[in-house]
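File shown: query.cif (mmCIF, C-alpha atoms).
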```
data_input
#
loop_
_atom_site.label_atom_id
_atom_site.label_comp_id
_atom_site.auth_asym_id
_atom_site.auth_seq_id
_atom_site.Cartn_x
_atom_site.Cartn_y
_atom_site.Cartn_z
CA MET A 1 -26.83 -34.59 -11.12
CA ILE A 2 -25.33 -31.79 -9.03
CA THR A 3 -27.17 -31.01 -5.81
CA ARG A 4 -27.93 -27.52 -4.55
CA THR A 5 -24.69 -25.75 -3.68
CA VAL A 6 -23.77 -24.81 -0.13
CA GLU A 7 -22.70 -21.29 0.67
CA HIS A 8 -20.07 -22.22 3.28
CA LEU A 9 -17.77 -25.05 4.22
CA ARG A 10 -16.73 -24.47 7.85
CA LEU A 11 -13.69 -25.90 9.54
CA PHE A 12 -13.73 -26.49 13.31
CA VAL A 13 -10.35 -27.30 14.86
CA ASN A 14 -10.13 -30.06 17.47
CA PRO A 15 -9.17 -28.32 20.75
CA ARG A 16 -7.14 -31.39 21.83
CA ASP A 17 -5.21 -31.80 18.54
CA LYS A 18 -4.58 -28.62 16.56
CA SER A 19 -3.77 -30.62 13.38
CA ARG A 20 -7.23 -32.25 13.29
CA ALA A 21 -10.55 -30.66 12.51
CA ILE A 22 -14.14 -31.28 11.47
CA LEU A 23 -15.35 -29.83 8.17
CA ARG A 24 -19.07 -28.98 8.14
CA ALA A 25 -20.70 -29.00 4.71
CA GLY A 26 -24.46 -28.74 4.89
CA ASN A 27 -25.53 -31.65 7.12
CA LEU A 28 -22.18 -33.43 6.76
CA ALA A 29 -19.53 -33.48 9.49
CA ILE A 30 -16.26 -34.73 7.99
CA PRO A 31 -12.98 -35.45 9.79
CA ALA A 32 -10.12 -33.39 8.37
CA ALA A 33 -6.37 -33.03 8.67
CA ILE A 34 -4.85 -29.55 8.67
CA GLY A 35 -1.39 -28.09 9.17
CA ALA A 36 0.76 -29.53 11.94
CA ARG A 37 0.82 -26.11 13.64
CA GLY A 38 -2.97 -25.64 13.45
CA LEU A 39 -4.49 -22.40 12.19
CA THR A 40 -2.61 -19.13 11.82
CA ARG A 41 -3.64 -15.55 11.21
CA ARG A 42 -0.04 -14.72 10.20
CA PRO A 43 0.78 -17.20 7.42
CA ARG A 44 4.27 -17.45 5.96
CA GLU A 45 5.84 -19.73 3.37
CA GLY A 46 6.83 -23.03 5.01
CA ASP A 47 5.20 -22.38 8.41
CA ARG A 48 3.27 -25.72 8.40
CA ALA A 49 0.09 -23.94 9.51
CA THR A 50 -3.29 -23.63 7.83
CA PRO A 51 -4.28 -20.03 7.09
CA ALA A 52 -7.31 -18.71 8.97
CA GLY A 53 -9.90 -16.90 6.88
CA ALA A 54 -12.62 -17.30 4.27
CA PHE A 55 -11.51 -18.50 0.85
CA GLY A 56 -13.29 -19.11 -2.44
CA LEU A 57 -12.97 -22.43 -4.25
CA MET A 58 -11.32 -21.71 -7.58
CA GLU A 59 -10.64 -24.87 -9.58
CA VAL A 60 -10.47 -28.67 -9.26
CA PHE A 61 -7.61 -30.84 -10.57
CA TYR A 62 -7.85 -34.64 -10.66
CA ARG A 63 -5.63 -37.59 -11.64
CA PRO A 64 -7.44 -39.13 -14.66
CA ASP A 65 -5.39 -42.33 -14.47
CA ARG A 66 -6.66 -42.98 -10.93
CA VAL A 67 -10.02 -41.26 -10.40
CA ARG A 68 -12.97 -40.13 -12.46
CA ARG A 69 -13.77 -36.46 -12.89
CA PRO A 70 -15.55 -35.17 -9.78
CA ARG A 71 -19.12 -33.99 -10.26
CA THR A 72 -19.11 -30.31 -9.35
CA ALA A 73 -20.18 -26.88 -10.56
CA LEU A 74 -16.56 -25.74 -10.15
CA PRO A 75 -14.18 -25.68 -13.13
CA ALA A 76 -12.32 -29.02 -13.29
CA ARG A 77 -9.46 -30.31 -15.39
CA PRO A 78 -7.32 -33.44 -15.47
CA LEU A 79 -3.77 -33.26 -14.15
CA ARG A 80 -0.81 -34.09 -16.38
CA PRO A 81 2.48 -35.64 -15.24
CA ASP A 82 4.30 -32.34 -15.79
CA ASP A 83 1.92 -30.21 -13.68
CA GLY A 84 3.57 -28.37 -10.82
CA TRP A 85 3.01 -25.42 -8.48
CA CYS A 86 5.69 -22.77 -7.90
CA ASP A 87 6.65 -22.34 -4.24
CA GLU A 88 9.71 -20.12 -4.78
CA ALA A 89 8.69 -17.11 -2.64
CA PHE A 90 10.18 -14.36 -4.81
CA HIS A 91 9.76 -15.88 -8.27
CA ARG A 92 7.29 -14.21 -10.63
CA ALA A 93 5.37 -17.52 -10.92
CA TYR A 94 5.06 -17.81 -7.12
CA ASN A 95 1.88 -19.61 -6.04
CA ARG A 96 0.90 -20.33 -9.63
CA PRO A 97 0.66 -23.52 -11.68
CA VAL A 98 3.77 -24.31 -13.72
CA ARG A 99 5.07 -27.01 -16.07
CA LEU A 100 7.83 -29.28 -14.78
CA PRO A 101 10.74 -29.31 -14.97
CA PHE A 102 10.80 -25.72 -13.74
CA ALA A 103 13.84 -23.52 -13.16
CA ALA A 104 12.71 -22.43 -9.66
CA SER A 105 11.39 -24.46 -6.72
CA ALA A 106 8.08 -26.11 -7.57
CA GLU A 107 5.98 -28.89 -6.12
CA SER A 108 4.85 -31.74 -8.38
CA LEU A 109 1.07 -32.17 -8.49
CA TRP A 110 1.46 -35.66 -10.03
CA ARG A 111 2.36 -37.61 -6.88
CA GLU A 112 3.01 -41.25 -6.08
CA ASP A 113 0.78 -41.12 -3.01
CA HIS A 114 -2.92 -40.43 -3.47
CA ILE A 115 -3.35 -37.13 -1.64
CA TYR A 116 -3.40 -35.10 -4.87
CA ASP A 117 -5.71 -37.45 -6.79
CA ILE A 118 -8.26 -34.64 -6.29
CA ILE A 119 -7.07 -31.10 -5.51
CA VAL A 120 -9.19 -27.99 -5.03
CA VAL A 121 -7.30 -24.73 -5.46
CA ILE A 122 -8.55 -22.31 -2.84
CA ASN A 123 -8.16 -18.57 -3.15
CA PHE A 124 -5.52 -18.22 -0.49
CA ASN A 125 -2.82 -15.84 -1.71
CA VAL A 126 -3.81 -16.42 -5.33
CA GLU A 127 -5.85 -13.32 -6.24
CA PRO A 128 -4.27 -11.07 -5.05
CA ARG A 129 -0.88 -12.67 -4.39
CA ARG A 130 1.77 -11.50 -1.91
CA GLN A 131 5.31 -12.86 -2.10
CA GLY A 132 6.23 -15.10 0.83
CA LEU A 133 2.72 -15.25 2.33
CA GLY A 134 2.33 -18.95 1.51
CA SER A 135 1.78 -21.16 -1.51
CA ALA A 136 0.13 -24.40 -2.57
CA ILE A 137 -2.50 -24.27 0.17
CA PHE A 138 -4.98 -26.74 -1.28
CA PHE A 139 -8.08 -28.66 -0.24
CA HIS A 140 -7.17 -32.28 -1.05
CA ILE A 141 -7.41 -35.97 -0.11
CA ALA A 142 -6.30 -36.95 3.41
CA ARG A 143 -3.82 -39.70 4.20
CA GLU A 144 -5.45 -42.76 5.79
CA ASP A 145 -3.99 -41.88 9.20
CA PHE A 146 -5.05 -38.20 8.93
CA SER A 147 -1.46 -37.14 9.53
CA PRO A 148 -0.95 -33.36 9.48
CA THR A 149 -0.57 -31.47 6.22
CA LEU A 150 1.93 -28.71 5.45
CA GLY A 151 -0.94 -26.20 5.67
CA CYS A 152 -3.62 -27.67 3.41
CA ILE A 153 -7.05 -28.99 4.42
CA ALA A 154 -7.46 -32.70 3.70
CA ILE A 155 -10.49 -35.03 3.87
CA PRO A 156 -11.24 -38.59 2.66
CA GLU A 157 -11.89 -39.05 -1.07
CA ALA A 158 -15.51 -40.21 -0.65
CA ALA A 159 -16.26 -37.14 1.46
CA MET A 160 -14.44 -34.90 -1.03
CA ARG A 161 -16.71 -36.16 -3.80
CA LYS A 162 -19.80 -35.34 -1.70
CA VAL A 163 -18.47 -31.88 -0.82
CA LEU A 164 -17.63 -31.11 -4.45
CA ARG A 165 -21.15 -32.08 -5.56
CA MET A 166 -22.41 -29.46 -3.09
CA SER A 167 -19.85 -26.78 -4.04
CA GLY A 168 -19.93 -24.09 -6.67
CA PRO A 169 -18.23 -20.82 -7.60
CA ARG A 170 -19.86 -18.99 -4.66
CA THR A 171 -18.96 -21.56 -2.00
CA ARG A 172 -16.49 -20.28 0.61
CA LEU A 173 -14.17 -22.37 2.76
CA ILE A 174 -14.08 -20.80 6.22
CA THR A 175 -11.15 -21.81 8.42
CA ALA A 176 -11.39 -19.08 11.07
#
```
Conversion result in structure tokens:
Amino acid sequence: MITRTVEHLRLFVNPRDKSRAILRAGNLAIPAAIGARGLTRRPREGDRATPAGAFGLMEVFYRPDRVRRPRTALPARPLRPDDGWCDEAFHRAYNRPVRLPFAASAESLWREDHIYDIIVVINFNVEPRRQGLGSAIFFHIAREDFSPTLGCIAIPEAAMRKVLRMSGPRTRLITA
């Protein structure tokens, strides 16, 4: 059963550690890791900062060999070993899913660690897309030590499952 969806997920940055935050989802307060350089209003490819703004949740990917399909009203599909994401700033597939191997620079979504066992694609620089503004900014699983991300928002898997049950096509992730 999917619970009533929340309108907003709000991120509050820790004033003493700019790479840590609290994600508020309904009554939940969830510890989160963000980019090592904190939030930015001027994102650029490779800046290691989390973009500030309000972003829709677009799609969920999950590793079917490791985790079950998350319960959510968002579109969800299993990852495949050849799934990747183009991060070549001036390639026509920039900030889009691709199949690996890929001729340009692309990140593998099928990782040895567990941070991409569940990935939510957020609408940062996806629709519309601007070359060099930043790519592969996802909402995903945090490392156990909550080490900084390269710009993504990361929370524990159990919390991610709760948040996804509360999320739908109209839910917005607010990082500002």
**Message:** On this structure, the PyMOL selection byres ((chain A and resi 7) around 6) would catch which residues? List them as a ChimeraX atom specification, sorted by chain and number.
**Reply:** /A:6,8,171
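Checking A:Phe90, A:Phe138, A:Trp85, A:Phe102 one by one against A:Thr50, counting only C-alpha atoms, you find the shortest gap at A:Phe138.
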**Message:** Starting from the PyMOL selection byres ((chain A and resi 78) around 12), expand the selection into actual residues of this file and give them as a PyMOL selection string.
**Reply:** chain A and resi 59-70+75-77+79-83+109-110+116-120
**Complete:** The distance between atom CA of A:Arg16 and atom CA of A:Arg42 is 21.5 Å
Close residues, A:Gly53 itself excluded, 10 Å, only C-alpha atoms, min 5 positions apart in chain, as a JSON list (two decimals) with C-alpha atoms, in the frame of the given file:
```json
[["chain", "number", "residue", "atom", "x", "y", "z"],
["A", 39, "LEU", "CA", -4.49, -22.40, 12.19],
["A", 40, "THR", "CA", -2.61, -19.13, 11.82],
["A", 41, "ARG", "CA", -3.64, -15.55, 11.21],
["A", 124, "PHE", "CA", -5.52, -18.22, -0.49],
["A", 172, "ARG", "CA", -16.49, -20.28, 0.61],
["A", 173, "LEU", "CA", -14.17, -22.37, 2.76],
["A", 174, "ILE", "CA", -14.08, -20.80, 6.22],
["A", 175, "THR", "CA", -11.15, -21.81, 8.42],
["A", 176, "ALA", "CA", -11.39, -19.08, 11.07]]
```
On this file, the PyMOL selection byres ((chain A and resi 33) around 12) gives some set of residues; write that set as a JSON list (two decimals) with C-alpha atoms, in the frame of the given file.
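Output file result37.json is given in full below:
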```json
[["chain", "number", "residue", "atom", "x", "y", "z"],
["A", 11, "LEU", "CA", -13.69, -25.90, 9.54],
["A", 12, "PHE", "CA", -13.73, -26.49, 13.31],
["A", 13, "VAL", "CA", -10.35, -27.30, 14.86],
["A", 14, "ASN", "CA", -10.13, -30.06, 17.47],
["A", 17, "ASP", "CA", -5.21, -31.80, 18.54],
["A", 18, "LYS", "CA", -4.58, -28.62, 16.56],
["A", 19, "SER", "CA", -3.77, -30.62, 13.38],
["A", 20, "ARG", "CA", -7.23, -32.25, 13.29],
["A", 21, "ALA", "CA", -10.55, -30.66, 12.51],
["A", 22, "ILE", "CA", -14.14, -31.28, 11.47],
["A", 23, "LEU", "CA", -15.35, -29.83, 8.17],
["A", 30, "ILE", "CA", -16.26, -34.73, 7.99],
["A", 31, "PRO", "CA", -12.98, -35.45, 9.79],
["A", 32, "ALA", "CA", -10.12, -33.39, 8.37],
["A", 34, "ILE", "CA", -4.85, -29.55, 8.67],
["A", 35, "GLY", "CA", -1.39, -28.09, 9.17],
["A", 36, "ALA", "CA", 0.76, -29.53, 11.94],
["A", 37, "ARG", "CA", 0.82, -26.11, 13.64],
["A", 38, "GLY", "CA", -2.97, -25.64, 13.45],
["A", 39, "LEU", "CA", -4.49, -22.40, 12.19],
["A", 49, "ALA", "CA", 0.09, -23.94, 9.51],
["A", 50, "THR", "CA", -3.29, -23.63, 7.83],
["A", 115, "ILE", "CA", -3.35, -37.13, -1.64],
["A", 138, "PHE", "CA", -4.98, -26.74, -1.28],
["A", 139, "PHE", "CA", -8.08, -28.66, -0.24],
["A", 140, "HIS", "CA", -7.17, -32.28, -1.05],
["A", 141, "ILE", "CA", -7.41, -35.97, -0.11],
["A", 142, "ALA", "CA", -6.30, -36.95, 3.41],
["A", 143, "ARG", "CA", -3.82, -39.70, 4.20],
["A", 144, "GLU", "CA", -5.45, -42.76, 5.79],
["A", 145, "ASP", "CA", -3.99, -41.88, 9.20],
["A", 146, "PHE", "CA", -5.05, -38.20, 8.93],
["A", 147, "SER", "CA", -1.46, -37.14, 9.53],
["A", 148, "PRO", "CA", -0.95, -33.36, 9.48],
["A", 149, "THR", "CA", -0.57, -31.47, 6.22],
["A", 150, "LEU", "CA", 1.93, -28.71, 5.45],
["A", 151, "GLY", "CA", -0.94, -26.20, 5.67],
["A", 152, "CYS", "CA", -3.62, -27.67, 3.41],
["A", 153, "ILE", "CA", -7.05, -28.99, 4.42],
["A", 154, "ALA", "CA", -7.46, -32.70, 3.70],
["A", 155, "ILE", "CA", -10.49, -35.03, 3.87],
["A", 156, "PRO", "CA", -11.24, -38.59, 2.66]]
```
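Atom pair atom CA of A:Val98 / atom CA of A:Arg130: separated by 17.5 Å.
Distance annotation: of A:Ser167, A:Asn95, A:Asn27, A:Thr5, the residue with the minimal separation from A:Gln131 is A:Asn95; atom set is all atoms listed in the file.
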**Fill in**
One residue among A:Gly84, A:Arg170, A:His91, A:Arg129 is nearest to A:Glu107 when using all atoms listed in the file, and that residue is A:Gly84
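Take atom CA of A:Arg165 and atom CA of A:Leu9: the distance between them is 12.5 Å.
With only C-alpha atoms as the atoms that count, the minimum distance from A:His114 to the choices A:Pro169, A:Pro97, A:Leu133, A:Glu157 is reached by A:Glu157.
If you measure from each of A:Ala159, A:Ala89, A:Ala52, A:Met166 to A:Ala106 using all atoms listed in the file, the closest one turns out to be A:Ala89.
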